[in-house]
file query-v8.txt (compact mmCIF, C-alpha atoms)
# COMPACT_ATOMS: atom_id res chain seq x y z
CA MET A 1 93.38 -41.34 32.88
CA LYS A 2 91.36 -42.72 35.78
CA ILE A 3 92.27 -46.28 34.79
CA LYS A 4 95.94 -45.33 34.72
CA MET A 5 95.79 -44.05 38.27
CA VAL A 6 94.10 -47.19 39.46
CA SER A 7 96.74 -49.35 37.84
CA ARG A 8 99.52 -47.29 39.42
CA ILE A 9 97.79 -47.61 42.78
CA LEU A 10 97.55 -51.38 42.34
CA GLU A 11 101.24 -51.65 41.36
CA ALA A 12 102.33 -49.65 44.38
CA ASN A 13 100.04 -51.76 46.54
CA ASP A 14 101.56 -54.98 45.24
CA ARG A 15 105.07 -53.81 46.12
CA ILE A 16 104.04 -53.07 49.71
CA ALA A 17 102.12 -56.35 49.89
CA LEU A 18 105.36 -58.15 49.02
CA GLU A 19 107.13 -56.36 51.88
CA ASN A 20 104.36 -57.42 54.26
CA ARG A 21 104.54 -60.97 52.97
CA LYS A 22 108.27 -61.07 53.66
CA LYS A 23 107.72 -59.93 57.25
CA PHE A 24 104.96 -62.50 57.75
CA ASN A 25 107.21 -65.25 56.37
CA GLU A 26 110.09 -64.24 58.65
CA ALA A 27 107.68 -64.38 61.61
CA ASP A 28 106.40 -67.76 60.40
CA VAL A 29 102.78 -66.67 60.68
CA PHE A 30 100.06 -67.80 58.27
CA VAL A 31 97.89 -64.87 57.14
CA ILE A 32 94.31 -64.99 55.91
CA ASN A 33 92.54 -62.07 54.25
CA LEU A 34 88.87 -62.66 55.15
CA MET A 35 86.37 -60.90 52.91
CA SER A 36 82.58 -60.68 52.46
CA ALA A 37 79.67 -58.32 51.94
CA PRO A 38 78.46 -56.46 55.05
CA GLY A 39 76.72 -58.68 57.56
CA ALA A 40 77.67 -62.06 56.08
CA GLY A 41 79.25 -63.10 59.37
CA LYS A 42 83.00 -62.43 59.24
CA THR A 43 83.31 -61.59 62.93
CA SER A 44 81.05 -64.50 63.92
CA LEU A 45 83.18 -66.92 61.90
CA ILE A 46 86.34 -65.51 63.47
CA GLU A 47 84.86 -65.94 66.97
CA GLN A 48 83.90 -69.55 66.25
CA THR A 49 87.29 -70.26 64.68
CA ILE A 50 89.10 -68.84 67.71
CA LYS A 51 87.01 -70.94 70.11
CA THR A 52 87.80 -74.14 68.24
CA LEU A 53 91.45 -73.59 67.34
CA ARG A 54 92.85 -71.48 70.20
CA ASN A 55 94.23 -74.53 72.00
CA ASN A 56 96.07 -75.66 68.87
CA LEU A 57 97.13 -72.38 67.28
CA ARG A 58 98.24 -68.97 68.54
CA ILE A 59 95.80 -66.63 66.79
CA GLY A 60 95.73 -62.86 66.25
CA ILE A 61 93.20 -60.65 64.50
CA ILE A 62 93.30 -57.40 62.53
CA GLU A 63 89.85 -55.79 62.25
CA GLY A 64 89.15 -53.53 59.27
CA ASP A 65 86.12 -51.23 59.35
CA ILE A 66 85.09 -47.89 57.89
CA ALA A 67 84.16 -46.74 61.40
CA GLY A 68 83.60 -48.14 64.87
CA THR A 69 85.31 -50.69 67.09
CA ASP A 70 82.46 -53.13 67.78
CA ASP A 71 84.14 -56.08 66.11
CA ALA A 72 87.52 -55.52 67.75
CA GLN A 73 85.79 -55.35 71.13
CA ARG A 74 84.06 -58.68 70.44
CA ILE A 75 87.43 -60.29 69.69
CA GLU A 76 89.20 -58.61 72.60
CA GLY A 77 86.57 -60.16 74.86
CA LEU A 78 88.01 -63.54 73.90
CA GLY A 79 91.49 -62.55 75.12
CA ILE A 80 93.06 -62.61 71.66
CA PRO A 81 95.52 -59.95 70.35
CA VAL A 82 93.59 -57.59 68.09
CA ILE A 83 94.19 -54.30 66.29
CA GLN A 84 91.42 -52.17 64.77
CA ILE A 85 92.03 -50.32 61.52
CA ASN A 86 89.41 -47.65 60.73
CA THR A 87 89.67 -46.79 57.05
CA GLY A 88 87.58 -43.61 57.29
CA SER A 89 86.06 -43.72 53.83
CA ALA A 90 88.13 -46.41 52.11
CA CYS A 91 85.98 -49.40 51.18
CA HIS A 92 88.79 -51.96 51.53
CA LEU A 93 92.05 -52.62 53.32
CA ASP A 94 95.23 -52.12 51.33
CA ALA A 95 98.82 -53.25 51.85
CA ASN A 96 99.90 -49.90 53.21
CA MET A 97 97.33 -49.93 56.02
CA ILE A 98 98.65 -53.33 57.09
CA ASN A 99 102.25 -52.18 56.69
CA ASP A 100 101.58 -49.24 59.01
CA ILE A 101 100.63 -51.47 61.95
CA ILE A 102 102.60 -54.65 61.30
CA ASP A 103 105.46 -53.67 63.59
CA ASP A 104 103.08 -52.92 66.47
CA PHE A 105 101.63 -56.41 66.35
CA PRO A 106 103.19 -59.50 67.97
CA ILE A 107 103.30 -61.46 64.70
CA LYS A 108 106.34 -63.49 65.84
CA ASP A 109 104.19 -64.98 68.63
CA LEU A 110 101.41 -66.06 66.27
CA ASP A 111 100.70 -69.09 64.10
CA LEU A 112 97.65 -67.61 62.41
CA LEU A 113 96.72 -64.00 61.69
CA ILE A 114 93.21 -63.40 60.37
CA VAL A 115 92.63 -60.01 58.76
CA GLU A 116 88.93 -59.11 58.66
CA ASN A 117 88.50 -56.84 55.67
CA VAL A 118 85.87 -54.10 55.26
CA GLY A 119 82.43 -55.50 54.39
CA ASN A 120 82.37 -55.23 50.60
CA LEU A 121 82.02 -57.90 47.92
CA VAL A 122 83.95 -55.89 45.34
CA CYS A 123 87.12 -53.89 46.05
CA PRO A 124 88.81 -55.91 48.82
CA ALA A 125 89.46 -58.66 46.24
CA GLU A 126 91.60 -56.25 44.19
CA PHE A 127 94.07 -55.32 46.91
CA LYS A 128 96.71 -57.78 48.12
CA ILE A 129 97.80 -57.18 51.69
CA GLY A 130 100.58 -59.78 51.86
CA GLU A 131 98.31 -62.68 52.79
CA ASP A 132 98.94 -66.40 52.30
CA MET A 133 95.38 -66.85 51.15
CA LYS A 134 92.10 -65.07 50.70
CA CYS A 135 88.90 -66.59 52.08
CA MET A 136 85.40 -65.27 51.58
CA ILE A 137 82.03 -65.67 53.25
CA LEU A 138 78.70 -65.49 51.49
CA SER A 139 75.54 -65.41 53.58
CA VAL A 140 72.97 -67.65 51.89
CA ALA A 141 70.44 -64.88 52.70
CA GLU A 142 72.18 -62.78 50.02
CA GLY A 143 70.78 -65.04 47.29
CA ASP A 144 72.20 -67.46 44.74
CA ASP A 145 73.06 -64.92 42.02
CA LYS A 146 76.14 -63.50 43.72
CA PRO A 147 79.02 -65.54 42.15
CA LEU A 148 78.21 -64.44 38.59
CA LYS A 149 77.50 -60.83 39.65
CA TYR A 150 80.64 -60.39 41.77
CA PRO A 151 83.04 -62.86 40.12
CA LEU A 152 86.44 -61.49 41.17
CA MET A 153 86.23 -62.35 44.86
CA PHE A 154 85.09 -65.89 44.05
CA ARG A 155 88.05 -66.23 41.65
CA GLU A 156 90.60 -64.87 44.12
CA SER A 157 89.53 -66.90 47.16
CA SER A 158 90.91 -70.26 48.28
CA ALA A 159 87.85 -71.01 50.40
CA LEU A 160 84.20 -69.98 50.26
CA ILE A 161 82.26 -70.25 53.50
CA LEU A 162 78.49 -70.31 52.92
CA ASN A 163 77.14 -69.00 56.22
CA LYS A 164 73.65 -68.86 57.78
CA ILE A 165 72.58 -72.23 56.33
CA ASP A 166 70.12 -72.42 59.27
CA LEU A 167 68.03 -69.88 57.25
CA LEU A 168 67.75 -72.11 54.15
CA PRO A 169 64.25 -73.42 55.06
CA HIS A 170 62.99 -69.82 55.19
CA ILE A 171 64.49 -68.43 51.96
CA GLU A 172 64.54 -69.34 48.27
CA THR A 173 68.31 -69.50 47.80
CA ASP A 174 69.51 -72.47 45.72
CA ILE A 175 72.76 -73.43 47.45
CA GLU A 176 73.66 -75.91 44.68
CA LYS A 177 73.54 -73.07 42.14
CA ILE A 178 75.94 -71.05 44.31
CA LYS A 179 78.35 -74.00 44.45
CA ARG A 180 78.07 -74.70 40.72
CA ASP A 181 78.60 -71.08 39.67
CA SER A 182 81.44 -70.57 42.17
CA LEU A 183 83.28 -73.65 40.93
CA SER A 184 82.78 -72.56 37.32
CA LEU A 185 84.69 -69.37 38.23
CA ASN A 186 87.27 -71.13 40.39
CA PRO A 187 87.48 -74.93 40.10
CA SER A 188 89.90 -75.30 43.04
CA LEU A 189 87.70 -73.35 45.48
CA GLN A 190 87.04 -75.15 48.77
CA ILE A 191 83.41 -74.69 49.80
CA PHE A 192 82.03 -75.07 53.34
CA GLY A 193 78.37 -74.75 54.30
CA VAL A 194 78.14 -73.53 57.90
CA SER A 195 75.93 -71.88 60.47
CA CYS A 196 77.85 -69.73 62.94
CA LYS A 197 74.61 -69.63 64.94
CA THR A 198 74.07 -73.39 65.36
CA GLY A 199 77.68 -74.51 64.81
CA LYS A 200 76.73 -76.81 61.93
CA GLY A 201 79.53 -77.43 59.41
CA LEU A 202 82.16 -75.45 61.31
CA ALA A 203 84.30 -78.50 62.13
CA GLN A 204 85.06 -79.13 58.45
CA TRP A 205 86.16 -75.50 58.07
CA THR A 206 88.39 -75.41 61.14
CA GLU A 207 89.99 -78.78 60.31
CA TRP A 208 90.77 -77.63 56.80
CA LEU A 209 92.12 -74.31 58.08
CA GLN A 210 94.33 -75.94 60.69
CA ALA A 211 95.80 -78.26 58.06
CA ALA A 212 96.49 -75.26 55.80
CA VAL A 213 98.26 -73.36 58.60
CA LYS A 214 100.45 -76.32 59.59
CA LYS A 215 101.41 -77.23 56.03
CA MET B 1 98.44 -37.56 47.39
CA LYS B 2 95.90 -40.38 47.12
CA ILE B 3 93.29 -38.26 48.89
CA LYS B 4 93.92 -35.40 46.46
CA MET B 5 93.14 -37.65 43.52
CA VAL B 6 89.95 -38.86 45.09
CA SER B 7 88.82 -35.34 45.78
CA ARG B 8 89.51 -34.34 42.15
CA ILE B 9 87.52 -37.35 40.97
CA LEU B 10 84.62 -36.38 43.21
CA GLU B 11 84.69 -32.76 42.01
CA ALA B 12 84.62 -33.87 38.38
CA ASN B 13 81.83 -36.29 39.22
CA ASP B 14 79.75 -33.55 40.85
CA ARG B 15 80.02 -31.38 37.74
CA ILE B 16 78.71 -34.17 35.53
CA ALA B 17 76.02 -35.02 38.08
CA LEU B 18 74.76 -31.43 37.78
CA GLU B 19 74.55 -31.84 33.98
CA ASN B 20 72.54 -35.03 34.46
CA ARG B 21 70.28 -33.32 36.94
CA LYS B 22 69.57 -30.54 34.48
CA LYS B 23 68.55 -33.07 31.81
CA PHE B 24 66.35 -34.94 34.28
CA ASN B 25 64.67 -31.69 35.32
CA GLU B 26 64.05 -30.70 31.70
CA ALA B 27 62.46 -34.11 31.11
CA ASP B 28 60.41 -33.70 34.30
CA VAL B 29 61.43 -37.13 35.58
CA PHE B 30 62.02 -37.91 39.26
CA VAL B 31 65.21 -39.92 39.76
CA ILE B 32 66.05 -42.25 42.63
CA ASN B 33 69.53 -43.65 43.28
CA LEU B 34 68.79 -46.99 44.98
CA MET B 35 71.67 -48.41 46.98
CA SER B 36 72.36 -51.39 49.28
CA ALA B 37 74.81 -54.16 50.06
CA PRO B 38 74.72 -57.18 47.71
CA GLY B 39 71.60 -59.30 48.08
CA ALA B 40 69.57 -56.90 50.23
CA GLY B 41 66.75 -56.96 47.66
CA LYS B 42 67.13 -53.93 45.36
CA THR B 43 65.75 -55.72 42.29
CA SER B 44 62.95 -57.34 44.30
CA LEU B 45 61.90 -53.95 45.69
CA ILE B 46 61.99 -52.46 42.19
CA GLU B 47 59.81 -55.30 40.88
CA GLN B 48 57.27 -54.81 43.67
CA THR B 49 57.31 -51.05 43.21
CA ILE B 50 56.67 -51.39 39.47
CA LYS B 51 53.77 -53.78 40.04
CA THR B 52 52.08 -51.37 42.45
CA LEU B 53 52.79 -48.05 40.77
CA ARG B 54 52.84 -48.82 37.03
CA ASN B 55 49.22 -47.78 36.56
CA ASN B 56 49.88 -44.42 38.22
CA LEU B 57 53.43 -43.59 37.08
CA ARG B 58 55.47 -44.17 33.93
CA ILE B 59 58.56 -45.94 35.29
CA GLY B 60 62.00 -46.70 33.81
CA ILE B 61 64.98 -48.52 35.31
CA ILE B 62 68.76 -48.30 34.98
CA GLU B 63 70.49 -51.45 36.27
CA GLY B 64 74.08 -51.16 37.53
CA ASP B 65 76.14 -54.31 38.01
CA ILE B 66 79.79 -55.29 37.90
CA ALA B 67 78.88 -58.09 35.50
CA GLY B 68 75.83 -59.92 34.17
CA THR B 69 72.36 -58.91 32.99
CA ASP B 70 70.14 -61.01 35.30
CA ASP B 71 68.50 -58.02 36.97
CA ALA B 72 67.81 -56.16 33.72
CA GLN B 73 66.19 -59.31 32.31
CA ARG B 74 63.95 -59.56 35.39
CA ILE B 75 62.79 -55.96 34.83
CA GLU B 76 62.44 -56.37 31.06
CA GLY B 77 60.10 -59.27 31.75
CA LEU B 78 57.73 -56.73 33.29
CA GLY B 79 57.63 -54.70 30.07
CA ILE B 80 59.39 -51.66 31.56
CA PRO B 81 62.14 -49.65 29.76
CA VAL B 82 65.51 -50.76 31.19
CA ILE B 83 69.18 -50.22 30.43
CA GLN B 84 71.98 -52.33 31.93
CA ILE B 85 75.28 -50.70 32.86
CA ASN B 86 78.11 -53.17 33.51
CA THR B 87 80.85 -51.36 35.40
CA GLY B 88 83.51 -54.04 34.82
CA SER B 89 85.43 -53.57 38.03
CA ALA B 90 84.01 -50.32 39.40
CA CYS B 91 82.19 -50.86 42.68
CA HIS B 92 79.68 -48.04 42.15
CA LEU B 93 77.92 -46.03 39.47
CA ASP B 94 79.21 -42.54 38.81
CA ALA B 95 77.72 -39.54 37.06
CA ASN B 96 79.68 -40.16 33.88
CA MET B 97 78.26 -43.67 33.43
CA ILE B 98 74.76 -42.24 33.67
CA ASN B 99 75.68 -39.33 31.37
CA ASP B 100 76.89 -41.82 28.74
CA ILE B 101 73.47 -43.47 28.39
CA ILE B 102 71.06 -40.69 29.32
CA ASP B 103 70.39 -39.70 25.71
CA ASP B 104 69.59 -43.29 24.73
CA PHE B 105 66.87 -43.55 27.33
CA PRO B 106 63.30 -42.22 26.90
CA ILE B 107 63.47 -40.02 30.01
CA LYS B 108 60.94 -37.53 28.57
CA ASP B 109 58.32 -40.31 28.62
CA LEU B 110 58.93 -41.19 32.29
CA ASP B 111 57.66 -39.91 35.62
CA LEU B 112 60.05 -42.01 37.72
CA LEU B 113 63.51 -43.35 36.91
CA ILE B 114 64.98 -45.77 39.45
CA VAL B 115 68.73 -46.34 39.17
CA GLU B 116 69.78 -49.58 40.84
CA ASN B 117 73.35 -49.06 41.95
CA VAL B 118 76.05 -51.75 42.32
CA GLY B 119 75.61 -53.81 45.49
CA ASN B 120 77.93 -52.05 47.93
CA LEU B 121 77.23 -50.33 51.24
CA VAL B 122 80.19 -47.96 50.92
CA CYS B 123 81.21 -46.20 47.70
CA PRO B 124 77.87 -45.65 45.92
CA ALA B 125 76.99 -43.14 48.65
CA GLU B 126 79.99 -40.98 47.65
CA PHE B 127 79.08 -40.50 44.01
CA LYS B 128 76.18 -38.28 42.98
CA ILE B 129 74.61 -39.28 39.67
CA GLY B 130 72.16 -36.39 39.30
CA GLU B 131 69.41 -38.00 41.36
CA ASP B 132 66.55 -36.25 43.19
CA MET B 133 67.05 -38.53 46.14
CA LYS B 134 69.02 -41.49 47.39
CA CYS B 135 67.22 -44.44 48.97
CA MET B 136 68.85 -47.44 50.58
CA ILE B 137 67.83 -50.95 51.50
CA LEU B 138 69.19 -52.90 54.44
CA SER B 139 68.32 -56.57 54.73
CA VAL B 140 67.58 -57.29 58.39
CA ALA B 141 69.62 -60.50 57.88
CA GLU B 142 72.72 -58.28 57.68
CA GLY B 143 72.46 -57.52 61.38
CA ASP B 144 71.75 -54.46 63.51
CA ASP B 145 75.31 -53.04 63.61
CA LYS B 146 75.30 -51.67 60.07
CA PRO B 147 74.28 -47.99 60.55
CA LEU B 148 77.23 -47.20 62.84
CA LYS B 149 79.68 -49.24 60.73
CA TYR B 150 78.66 -47.78 57.36
CA PRO B 151 77.35 -44.34 58.37
CA LEU B 152 77.68 -42.38 55.11
CA MET B 153 74.92 -44.18 53.19
CA PHE B 154 72.52 -43.81 56.10
CA ARG B 155 73.36 -40.09 56.26
CA GLU B 156 72.92 -39.54 52.51
CA SER B 157 69.63 -41.41 52.08
CA SER B 158 66.13 -39.93 52.23
CA ALA B 159 64.55 -43.35 52.85
CA LEU B 160 65.75 -46.58 54.46
CA ILE B 161 63.87 -49.72 53.48
CA LEU B 162 64.42 -52.54 55.98
CA ASN B 163 63.77 -55.63 53.86
CA LYS B 164 63.26 -59.33 54.67
CA ILE B 165 61.34 -58.63 57.88
CA ASP B 166 59.75 -62.08 57.38
CA LEU B 167 63.10 -63.46 58.62
CA LEU B 168 62.99 -61.60 61.95
CA PRO B 169 61.66 -64.62 63.92
CA HIS B 170 64.68 -66.66 62.74
CA ILE B 171 67.49 -64.18 63.39
CA GLU B 172 68.80 -62.08 66.28
CA THR B 173 68.63 -58.67 64.61
CA ASP B 174 67.25 -55.89 66.83
CA ILE B 175 65.26 -53.79 64.34
CA GLU B 176 64.67 -51.05 66.94
CA LYS B 177 68.44 -50.62 67.30
CA ILE B 178 68.74 -50.21 63.53
CA LYS B 179 66.04 -47.52 63.56
CA ARG B 180 67.54 -45.74 66.57
CA ASP B 181 71.09 -45.70 65.18
CA SER B 182 69.93 -44.70 61.70
CA LEU B 183 67.92 -41.76 63.06
CA SER B 184 70.85 -40.68 65.21
CA LEU B 185 72.86 -40.36 61.97
CA ASN B 186 70.02 -38.83 59.97
CA PRO B 187 67.01 -37.54 61.92
CA SER B 188 64.90 -36.90 58.79
CA LEU B 189 65.35 -40.43 57.42
CA GLN B 190 62.06 -42.14 56.44
CA ILE B 191 62.13 -45.78 57.53
CA PHE B 192 59.98 -48.58 56.10
CA GLY B 193 59.96 -52.19 57.32
CA VAL B 194 59.00 -54.46 54.42
CA SER B 195 59.10 -57.99 53.10
CA CYS B 196 59.38 -58.16 49.32
CA LYS B 197 58.59 -61.86 49.71
CA THR B 198 55.27 -61.56 51.59
CA GLY B 199 54.40 -58.00 50.52
CA LYS B 200 54.15 -56.76 54.11
CA GLY B 201 54.83 -53.06 54.58
CA LEU B 202 55.22 -52.31 50.87
CA ALA B 203 52.08 -50.15 50.64
CA GLN B 204 53.54 -47.56 53.02
CA TRP B 205 56.69 -47.36 50.88
CA THR B 206 54.90 -47.03 47.52
CA GLU B 207 52.46 -44.44 48.87
CA TRP B 208 55.31 -42.34 50.23
CA LEU B 209 57.25 -42.72 46.98
CA GLN B 210 54.30 -41.75 44.80
CA ALA B 211 53.74 -38.64 46.91
CA ALA B 212 57.43 -37.71 46.56
CA VAL B 213 57.34 -38.11 42.77
CA LYS B 214 54.17 -36.07 42.36
CA LYS B 215 55.30 -33.25 44.65

call {"tool": "encode", "arguments": {"input": "query-v8.txt", "output": "structure tokens"}}
result
Amino acid sequence: MKIKMVSRILEANDRIALENRKKFNEADVFVINLMSAPGAGKTSLIEQTIKTLRNNLRIGIIEGDIAGTDDAQRIEGLGIPVIQINTGSACHLDANMINDIIDDFPIKDLDLLIVENVGNLVCPAEFKIGEDMKCMILSVAEGDDKPLKYPLMFRESSALILNKIDLLPHIETDIEKIKRDSLSLNPSLQIFGVSCKTGKGLAQWTEWLQAAVKK
Amino acid sequence: MKIKMVSRILEANDRIALENRKKFNEADVFVINLMSAPGAGKTSLIEQTIKTLRNNLRIGIIEGDIAGTDDAQRIEGLGIPVIQINTGSACHLDANMINDIIDDFPIKDLDLLIVENVGNLVCPAEFKIGEDMKCMILSVAEGDDKPLKYPLMFRESSALILNKIDLLPHIETDIEKIKRDSLSLNPSLQIFGVSCKTGKGLAQWTEWLQAAVKK
């Protein structure tokens, strides 16, 4: 019974995601659904990406959070169009939440729309929102056992950004194990090791992203 | 419509949680529902807690994960009774999952049962499983904005364990802000700063826990 409801919810979600996708295509905007566990560095990566690519691409951001507007305020401080979605208790964004605000957002004036999902390594991967691709961040401080414990997000993502590599000397995480296990789940996954704090590795990410948007 | 379904699910869950609670009370076992985001250190805290308290308390563990048995194997290596629950796609444990295995577990021979929930800072806090108390871990590497962004778990927990304090010199997290914001959500919250890696701060946690179990 419960499973049936979930499957009906997912079917309904997919229909709305297709509508969103059509609107995004008409506006010629590339849409990324950016996912991670809480505190892996989604907002930091978005800030760094904006700083590097804002002269080349017109960027907009949708911020998803259970509560609060901290992240949207950080982005707004950069002078970038941003909308905050507060989900209340929902642990993920769904297509309908995006559909509700899509017409209030200047998507026709954008090349790249990054949607920052709620911090959660599980459910966001199940709900399409009409994106061109999903990307995920894993903080290396979370440990090297995450791909095999939370496989769906690793399978669904086009890129995996391993953040906080500046902490590697202070922790026991085996970054090669993360890469190996992630690729075993998803052989075409693009993997970037970065530190949003020091800037290390970010150029490879932003170059790859810019190429994907312009394709 | 969607909200109605969720509320029916929660009502049904609460009924089963009460059944579980009754069985736990009859067995005279104290039950903790241990929650956190992925990689905050739930299994490490459980390992350290077992090592310190195993001579004073008879301890058993239920391990909840989407997939895999890594954590249960770590606990089994310590010679402690453990059952693994793999939720498949569910992002949290619910009362029914616990009810399904409760009769296969030697709860009458235990003083303390720790249930390690799925790594998720959102949904586990919504689902009672029949526990005496909820405890949560926050890795300080996740940042100091988490209480206000994920308030429910902070509100529902009796204790907050701030783990990985050995990393504080290498990150920008303001631990006093975490404490302040957490207490604003939940003034009776017990807060412990610990490092499962170095052992710092763990004695305060295990002493408090032992007192709670024996009360």

call {"tool": "residues_around", "arguments": {"input": "query-v8.txt", "residues": "range 8-22 of chain A", "least_positions_apart": "2", "cutoff": "8 Å", "atoms": "all atoms listed in the file", "output": "mmCIF file with C-alpha atoms, in the coordinates of the input"}}
result
data_model
loop_
_atom_site.group_PDB
_atom_site.id
_atom_site.type_symbol
_atom_site.label_atom_id
_atom_site.label_comp_id
_atom_site.auth_asym_id
_atom_site.auth_seq_id
_atom_site.Cartn_x
_atom_site.Cartn_y
_atom_site.Cartn_z
ATOM 1 C CA LYS A 4 95.940 -45.330 34.720
ATOM 2 C CA MET A 5 95.790 -44.050 38.270
ATOM 3 C CA VAL A 6 94.100 -47.190 39.460
ATOM 4 C CA PHE A 24 104.960 -62.500 57.750
ATOM 5 C CA ASN A 25 107.210 -65.250 56.370
ATOM 6 C CA GLU A 26 110.090 -64.240 58.650
ATOM 7 C CA ASP A 94 95.230 -52.120 51.330
ATOM 8 C CA ALA A 95 98.820 -53.250 51.850
ATOM 9 C CA ASN A 96 99.900 -49.900 53.210
ATOM 10 C CA ILE A 98 98.650 -53.330 57.090
ATOM 11 C CA ASN A 99 102.250 -52.180 56.690
ATOM 12 C CA ILE A 102 102.600 -54.650 61.300
ATOM 13 C CA GLU A 126 91.600 -56.250 44.190
ATOM 14 C CA PHE A 127 94.070 -55.320 46.910
ATOM 15 C CA LYS A 128 96.710 -57.780 48.120
ATOM 16 C CA ILE A 129 97.800 -57.180 51.690
ATOM 17 C CA GLY A 130 100.580 -59.780 51.860
ATOM 18 C CA GLU A 131 98.310 -62.680 52.790
ATOM 19 C CA ASP A 132 98.940 -66.400 52.300
#

call {"tool": "closest_residue", "arguments": {"input": "query-v8.txt", "among": "B:Ala211, B:Ile171, B:Ile137, B:Leu183", "to": "Gly41 in chain B", "atoms": "all atoms listed in the file"}}
result
B:Ile137

call {"tool": "interface_residues", "arguments": {"input": "query-v8.txt", "of": "chain B", "to": "chain A", "cutoff": "9 Å", "atoms": "all atoms listed in the file", "output": "PyMOL selection string"}}
result
chain B and resi 2+5+9+37-41+65-70+89-91+119-123+139+141-146+148-152+166-167+170-171

call {"tool": "residues_around", "arguments": {"input": "query-v8.txt", "residues": "Lys215 in chain B", "least_positions_apart": "5", "cutoff": "10 Å", "atoms": "all atoms listed in the file", "output": "PDB file with C-alpha atoms, in the frame of the given file"}}
result
ATOM      1  CA  PHE B  30      62.020 -37.910  39.260  1.00  0.00           C
ATOM      2  CA  LEU B 209      57.250 -42.720  46.980  1.00  0.00           C
ATOM      3  CA  GLN B 210      54.300 -41.750  44.800  1.00  0.00           C
TER       4      GLN B 210
END

call {"tool": "atom_distance", "arguments": {"input": "query-v8.txt", "atom1": "CA of Asn117 in chain B", "atom2": "CA of Leu34 in chain B"}}
result
5.9 Å

call {"tool": "residues_around", "arguments": {"input": "query-v8.txt", "residues": "Phe154 in chain B", "least_positions_apart": "4", "cutoff": "8 Å", "atoms": "all atoms listed in the file", "output": "PyMOL selection string"}}
result
chain B and resi 136+147+150+160+182+185-186

call {"tool": "residues_around", "arguments": {"input": "query-v8.txt", "residues": "range 56-62 of chain A", "least_positions_apart": "3", "cutoff": "7 Å", "atoms": "all atoms listed in the file", "output": "ChimeraX atom specification"}}
result
/A:53,80-84,110-116

call {"tool": "closest_residue", "arguments": {"input": "query-v8.txt", "among": "B:Cys135, B:Ser195, B:Leu189, B:Asn55", "to": "Leu168 in chain B", "atoms": "only C-alpha atoms"}}
result
B:Ser195

call {"tool": "residues_around", "arguments": {"input": "query-v8.txt", "residues": "Thr49 in chain A", "least_positions_apart": "4", "cutoff": "9 Å", "atoms": "only C-alpha atoms", "output": "MDAnalysis selection string"}}
result
chainID A and resid 44:45 53:54 202 205:206

call {"tool": "closest_residue", "arguments": {"input": "query-v8.txt", "among": "A:Gly77, A:Gly201, A:Gly193, A:Pro169", "to": "Glu47 in chain A", "atoms": "all atoms listed in the file"}}
result
A:Gly77

call {"tool": "atom_distance", "arguments": {"input": "query-v8.txt", "atom1": "CA of Met153 in chain B", "atom2": "CA of Asp28 in chain B"}}
result
26.0 Å

call {"tool": "atom_distance", "arguments": {"input": "query-v8.txt", "atom1": "CA of Ile161 in chain B", "atom2": "CA of Phe192 in chain B"}}
result
4.8 Å

call {"tool": "closest_residue", "arguments": {"input": "query-v8.txt", "among": "B:Glu63, B:Glu207, B:Asp174, B:Glu156", "to": "Leu93 in chain B", "atoms": "all atoms listed in the file"}}
result
B:Glu63

call {"tool": "axis_aligned_box", "arguments": {"input": "query-v8.txt", "around": "range 160-163 of chain A", "padding_each_side": "5 Å", "output": "AutoDock Vina command-line options"}}
result
--center_x 80.7 --center_y -69.7 --center_z 53.2 --size_x 17.1 --size_y 11.3 --size_z 16.0

call {"tool": "build_atoms", "arguments": {"input": "query-v8.txt", "residues": "range 166-174 of chain A", "atoms": "N, CA and C atoms", "output": "PDB file, keeping the file's coordinate frame"}}
result
ATOM      1  N   ASP A 166      71.329 -72.199  58.462  1.00  0.00           N
ATOM      2  CA  ASP A 166      70.120 -72.420  59.270  1.00  0.00           C
ATOM      3  C   ASP A 166      68.906 -71.680  58.687  1.00  0.00           C
ATOM      4  N   LEU A 167      69.140 -70.637  57.844  1.00  0.00           N
ATOM      5  CA  LEU A 167      68.030 -69.880  57.250  1.00  0.00           C
ATOM      6  C   LEU A 167      67.477 -70.522  55.981  1.00  0.00           C
ATOM      7  N   LEU A 168      68.156 -71.543  55.453  1.00  0.00           N
ATOM      8  CA  LEU A 168      67.750 -72.110  54.150  1.00  0.00           C
ATOM      9  C   LEU A 168      66.270 -72.507  54.080  1.00  0.00           C
ATOM     10  N   PRO A 169      65.675 -73.071  55.169  1.00  0.00           N
ATOM     11  CA  PRO A 169      64.250 -73.420  55.060  1.00  0.00           C
ATOM     12  C   PRO A 169      63.337 -72.208  54.884  1.00  0.00           C
ATOM     13  N   HIS A 170      63.840 -71.018  55.202  1.00  0.00           N
ATOM     14  CA  HIS A 170      62.990 -69.820  55.190  1.00  0.00           C
ATOM     15  C   HIS A 170      63.224 -68.918  53.980  1.00  0.00           C
ATOM     16  N   ILE A 171      64.148 -69.287  53.104  1.00  0.00           N
ATOM     17  CA  ILE A 171      64.490 -68.430  51.960  1.00  0.00           C
ATOM     18  C   ILE A 171      64.495 -69.275  50.692  1.00  0.00           C
ATOM     19  N   GLU A 172      64.629 -68.588  49.540  1.00  0.00           N
ATOM     20  CA  GLU A 172      64.540 -69.340  48.270  1.00  0.00           C
ATOM     21  C   GLU A 172      65.897 -69.593  47.629  1.00  0.00           C
ATOM     22  N   THR A 173      66.976 -69.336  48.362  1.00  0.00           N
ATOM     23  CA  THR A 173      68.310 -69.500  47.800  1.00  0.00           C
ATOM     24  C   THR A 173      68.590 -70.960  47.423  1.00  0.00           C
ATOM     25  N   ASP A 174      69.113 -71.145  46.212  1.00  0.00           N
ATOM     26  CA  ASP A 174      69.510 -72.470  45.720  1.00  0.00           C
ATOM     27  C   ASP A 174      71.010 -72.637  45.966  1.00  0.00           C
TER      28      ASP A 174
END
